[in-house]
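Peer 1: Here it is: the structure, laid out below.
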Amino acid sequence: MSTGLPSPLDELVRRAAGGRDLTRRERADVTRELESHFEAGLEAGVHCERLAAEFGDAALAARLIARAKPRNRPLAQRLLTVAAQAAAILAVVSYLLSAARLHASRPFLPPEPSQAAFADLLSSLHAPTRHDPGRTLGTVIAAYDDLFDRVYARHGGRLTASGLRMIQAMRGKSDPGVLAIALEPIYFALPADRREAERELGELLAPAITALGELGPRAAAETLRGELRSRMASTAWQLRYYPVAVFAPEVVSWLEAG
Amino acid sequence: MRIERELMRGAGPVAVLHLLAEREMYGYELAVELGARSGGVLEMGHSTLYPLLYNLEAKGWITPKWREADSGRDRKYYRLTTEGRRVLAVRREQWQALGAAMRRLGVLAPEAKR
């Protein structure tokens, strides 16, 4: 926007008021004040070039003004700015930590989707025995054990990026895009470790195993479906226990097939 | 004579507060007065005057108000606040003590007897 001053002065005003950290209102106020400054000089009969020389370095002025002017903002606005900056820094640090956590460790077993295909694994293990809930539980746990070995790290049981990639491949998404990989640390910022996943799996399966012993596989499948439905309602749960959640419907189908 | 930046950093705000204690002024007026009344010694690049004013405003020592000047144009006038007046009194004492100490040391020539 032009100030109506001769062009060298107009340029000086625009540069001095052009600091990036200024709000629109602050920039307008600085522009108006500097415009008024030069108008006063011209009215006093001072030549345009001399005014420009007396003004000095516009880039330095822009830097100093951009630093000084925001100090006049209301306290609430300054606190809000600081809070927003802190939140942005925290978000970036959290992302980097999450990415480092996912990528820094390797799973217990090499992630091989063909071997670990969960449904195949279930059927290759013992067939469910209607009257032997213990063996059925053992079959499911063994399938999950194999999966967990390929998803969670050997040390500390942390979720690994390569494990996540394998699960995606098992679900038919074998070629994740850059965006998907970049988003992984956000989606899986707070994943459960292996021990927590195993405990959750145990709690998820317990009512179904009881139903299996007392009422048979269809009732067990129904019970598991109910347990799963209440948990799957929470996206946070799905992401936290992703390896458990993503294959639990396979267990339901497997039980139904009895 | 050109004054080093560090010295100007201490002297500039006191000089501005002192001028505003006499009467309210707008930026250009202040810049001209500073140069003229200090014999050019405290003349500063006008571009550095405004950040100085914004800093003094942020500290609550001066306060601005847009109003129409005699010329009919809008000018942003600055005036000293009560807090600014208090700070100026303290700073003035400090500068006097500093000057006296420098004279005793012989850094400054003794004050001429009136």
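Simple scheme: letters A, B, ... for chains in structure tokens order, numbers from 1 for residues in each chain, numbers from 1 for ligands in the order shown.
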If DSSP is run on the backbone, what residues of region 72-249 of chain A are helix (DSSP H, G or I)? A reply as a PyMOL selection string would be ideal.
Peer 2: chain A and resi 72+75-104+113-116+118-124+133-151+161-170+178-187+194-215+217-232+235-240+242-249
Peer 1: Given only C-alpha atoms, how would the per-residue table for chain A near chain B read, listing every residue at most 6 Å away with its closest atom pair and distance in Å to one decimal, sorted by chain and number, as a Markdown table?
Peer 2:
```
| residue | atom | partner | partner_atom | distance |
| --- | --- | --- | --- | --- |
| A:His37 | CA | B:Tyr28 | CA | 5.2 |
| A:Glu54 | CA | B:Gly45 | CA | 5.7 |
| A:Phe55 | CA | B:His46 | CA | 4.4 |
| A:Gly56 | CA | B:Gly45 | CA | 5.4 |
| A:Ala61 | CA | B:Ser47 | CA | 5.2 |
| A:Leu64 | CA | B:Pro51 | CA | 5.7 |
| A:Ile65 | CA | B:Pro51 | CA | 4.9 |
| A:Ala68 | CA | B:Asn55 | CA | 5.5 |
| A:Lys69 | CA | B:Tyr54 | CA | 5.6 |
| A:Arg71 | CA | B:Ala58 | CA | 5.5 |
| A:Asn72 | CA | B:Ala58 | CA | 4.7 |
```
Peer 1: Give me, as a PyMOL selection string, all polymer residues having an atom no more than 12 Å from region 199-207 of chain A, counting only C-alpha atoms and skipping those fewer than 6 positions away in the same chain.
Peer 2: chain A and resi 133-134+136-145+148+192-193+213-215+219-232+237-238+240-249+251-252+255
Peer 1: Hey, can you spit out that residue selection with C-alpha atoms as an mmCIF file, in the first residue's frame?
Peer 2:
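result21.cif, written as the output of this step:
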```
data_model
loop_
_atom_site.group_PDB
_atom_site.id
_atom_site.type_symbol
_atom_site.label_atom_id
_atom_site.label_comp_id
_atom_site.auth_asym_id
_atom_site.auth_seq_id
_atom_site.Cartn_x
_atom_site.Cartn_y
_atom_site.Cartn_z
ATOM 1 C CA PRO A 133 -10.784 -73.352 26.124
ATOM 2 C CA GLY A 134 -7.179 -73.559 27.280
ATOM 3 C CA THR A 136 -8.056 -72.257 22.069
ATOM 4 C CA LEU A 137 -6.583 -69.505 24.187
ATOM 5 C CA GLY A 138 -3.129 -70.990 23.554
ATOM 6 C CA THR A 139 -3.709 -70.900 19.796
ATOM 7 C CA VAL A 140 -4.725 -67.260 19.810
ATOM 8 C CA ILE A 141 -1.905 -66.280 22.152
ATOM 9 C CA ALA A 142 0.617 -68.169 19.997
ATOM 10 C CA ALA A 143 -0.575 -66.353 16.874
ATOM 11 C CA TYR A 144 -0.337 -63.016 18.648
ATOM 12 C CA ASP A 145 3.063 -63.981 20.115
ATOM 13 C CA PHE A 148 4.297 -59.363 18.495
ATOM 14 C CA ALA A 192 1.567 -49.382 24.279
ATOM 15 C CA ASP A 193 4.694 -51.498 24.696
ATOM 16 C CA GLY A 213 -15.966 -73.170 27.824
ATOM 17 C CA GLU A 214 -19.555 -72.679 28.938
ATOM 18 C CA LEU A 215 -21.501 -71.906 25.757
ATOM 19 C CA ALA A 219 -21.077 -67.453 22.028
ATOM 20 C CA ALA A 220 -17.346 -66.867 22.473
ATOM 21 C CA ALA A 221 -17.178 -65.054 19.127
ATOM 22 C CA GLU A 222 -20.200 -62.963 20.107
ATOM 23 C CA THR A 223 -18.663 -62.100 23.479
ATOM 24 C CA LEU A 224 -15.372 -61.123 21.875
ATOM 25 C CA ARG A 225 -17.205 -59.031 19.304
ATOM 26 C CA GLY A 226 -18.971 -57.168 22.122
ATOM 27 C CA GLU A 227 -15.714 -56.596 24.014
ATOM 28 C CA LEU A 228 -14.074 -55.408 20.851
ATOM 29 C CA ARG A 229 -16.935 -53.082 19.907
ATOM 30 C CA SER A 230 -16.714 -51.186 23.192
ATOM 31 C CA ARG A 231 -12.939 -50.821 22.870
ATOM 32 C CA MET A 232 -12.878 -49.995 19.150
ATOM 33 C CA TRP A 237 -7.380 -47.387 22.083
ATOM 34 C CA GLN A 238 -7.118 -48.580 18.489
ATOM 35 C CA ARG A 240 -2.422 -47.513 21.350
ATOM 36 C CA TYR A 241 -3.025 -51.236 20.927
ATOM 37 C CA TYR A 242 -2.849 -51.248 17.136
ATOM 38 C CA PRO A 243 -1.359 -54.772 16.686
ATOM 39 C CA VAL A 244 -4.021 -56.170 19.027
ATOM 40 C CA ALA A 245 -6.874 -54.193 17.511
ATOM 41 C CA VAL A 246 -6.138 -54.765 13.861
ATOM 42 C CA PHE A 247 -6.265 -58.578 14.081
ATOM 43 C CA ALA A 248 -8.910 -59.083 16.781
ATOM 44 C CA PRO A 249 -11.673 -59.304 14.132
ATOM 45 C CA VAL A 251 -9.962 -64.025 15.969
ATOM 46 C CA VAL A 252 -13.724 -63.413 15.993
ATOM 47 C CA LEU A 255 -13.921 -68.601 16.542
#
```
Peer 1: When you draw a straight line from CA of Glu33 (chain A) to CA of Leu9 (chain A), how long is it in Å?
Peer 2: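 Answer for the CA of Glu33 (chain A) to CA of Leu9 (chain A) separation: 12.8 Å.
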Peer 1: Need the shell around Arg194 (chain A): protein/DNA/RNA residues with any atom at most 6 Å away, counting only C-alpha atoms. Skip same-chain ones fewer than 2 positions apart. Format as a PyMOL selection string?
Peer 2: chain A and resi 157+196-197
Peer 1: If we count only C-alpha atoms and set the cut-off at 10 Å, which residues sit around region 104-118 of chain A, ignoring sequence neighbours fewer than 6 positions away in its own chain? Please answer as a ChimeraX atom specification.
Peer 2: /A:98,124,140,143-144,146-172,174,247-248,250-251
Peer 1: Quick one: distance from CA of Gly40 (chain B) to CA of Ile3 (chain B) in Å, one decimal?
Peer 2: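 CA of Gly40 (chain B) sits 10.2 Å away from CA of Ile3 (chain B).
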Peer 1: Neighbours of Glu4 (chain B) within 12 Å (only C-alpha atoms; same-chain residues fewer than 6 positions away dropped), as a count of residues only?
Peer 2: 7
Peer 1: For Pro64 (chain B), which residue out of A:Glu43, A:Glu35, A:Asp29, A:Glu198 is the nearest one, using only C-alpha atoms?
Peer 2: A:Asp29
Peer 1: Just the number, please: distance in Å from CA of Ala15 (chain B) to CA of Leu34 (chain B), one decimal.
Peer 2: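 Taking CA of Ala15 (chain B) as the start and CA of Leu34 (chain B) as the end point, the length is 7.4 Å.
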Peer 1: Could you give me, as an mmCIF file with N, CA and C atoms, in the first residue's frame, each residue of chain B that DSSP assigns to strand (DSSP E or B) when run on this structure's backbone?
Peer 2:
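Final file, part-v4.cif:
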```
data_model
loop_
_atom_site.group_PDB
_atom_site.id
_atom_site.type_symbol
_atom_site.label_atom_id
_atom_site.label_comp_id
_atom_site.auth_asym_id
_atom_site.auth_seq_id
_atom_site.Cartn_x
_atom_site.Cartn_y
_atom_site.Cartn_z
ATOM 1 N N MET B 25 5.562 15.513 22.827
ATOM 2 C CA MET B 25 6.127 15.737 21.484
ATOM 3 C C MET B 25 5.858 14.525 20.593
ATOM 4 N N TYR B 26 5.906 14.752 19.277
ATOM 5 C CA TYR B 26 5.812 13.626 18.339
ATOM 6 C C TYR B 26 7.218 13.271 17.860
ATOM 7 N N ILE B 62 6.219 6.147 29.064
ATOM 8 C CA ILE B 62 5.601 7.171 28.225
ATOM 9 C C ILE B 62 4.321 6.582 27.636
ATOM 10 N N THR B 63 3.450 7.452 27.190
ATOM 11 C CA THR B 63 2.214 6.947 26.585
ATOM 12 C C THR B 63 1.899 7.774 25.327
ATOM 13 N N PRO B 64 1.454 7.119 24.251
ATOM 14 C CA PRO B 64 1.209 7.867 23.012
ATOM 15 C C PRO B 64 -0.269 8.219 22.829
ATOM 16 N N LYS B 65 -0.505 9.230 22.028
ATOM 17 C CA LYS B 65 -1.885 9.558 21.658
ATOM 18 C C LYS B 65 -1.876 10.259 20.309
ATOM 19 N N TRP B 66 -2.687 9.747 19.401
ATOM 20 C CA TRP B 66 -2.806 10.399 18.097
ATOM 21 C C TRP B 66 -3.707 11.609 18.256
ATOM 22 N N ARG B 67 -3.266 12.736 17.772
ATOM 23 C CA ARG B 67 -4.160 13.900 17.722
ATOM 24 C C ARG B 67 -3.682 14.858 16.633
ATOM 25 N N GLU B 68 -4.556 15.779 16.326
ATOM 26 C CA GLU B 68 -4.256 16.701 15.231
ATOM 27 C C GLU B 68 -3.252 17.758 15.691
ATOM 28 N N ASP B 74 -2.471 14.642 11.453
ATOM 29 C CA ASP B 74 -2.435 13.781 12.646
ATOM 30 C C ASP B 74 -0.995 13.494 13.033
ATOM 31 N N ARG B 75 -0.692 13.592 14.310
ATOM 32 C CA ARG B 75 0.641 13.270 14.823
ATOM 33 C C ARG B 75 0.466 12.380 16.057
ATOM 34 N N LYS B 76 1.427 11.504 16.241
ATOM 35 C CA LYS B 76 1.373 10.650 17.433
ATOM 36 C C LYS B 76 2.226 11.323 18.516
ATOM 37 N N TYR B 77 1.557 11.878 19.485
ATOM 38 C CA TYR B 77 2.261 12.598 20.551
ATOM 39 C C TYR B 77 2.577 11.647 21.713
ATOM 40 N N TYR B 78 3.764 11.790 22.234
ATOM 41 C CA TYR B 78 4.153 11.002 23.418
ATOM 42 C C TYR B 78 4.227 11.933 24.623
ATOM 43 N N ARG B 79 3.776 11.419 25.763
ATOM 44 C CA ARG B 79 3.941 12.201 26.996
ATOM 45 C C ARG B 79 4.411 11.279 28.114
ATOM 46 N N LEU B 80 5.018 11.895 29.112
ATOM 47 C CA LEU B 80 5.577 11.131 30.224
ATOM 48 C C LEU B 80 4.449 10.663 31.142
#
```
Peer 1: Using only C-alpha atoms, which of the listed residues (B:Trp95, B:Glu83, B:Ala21, B:Asp70) sits closest to Leu7 (chain B)?
Peer 2: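 Comparing B:Trp95, B:Glu83, B:Ala21, B:Asp70 against Leu7 (chain B), the winner is B:Trp95.
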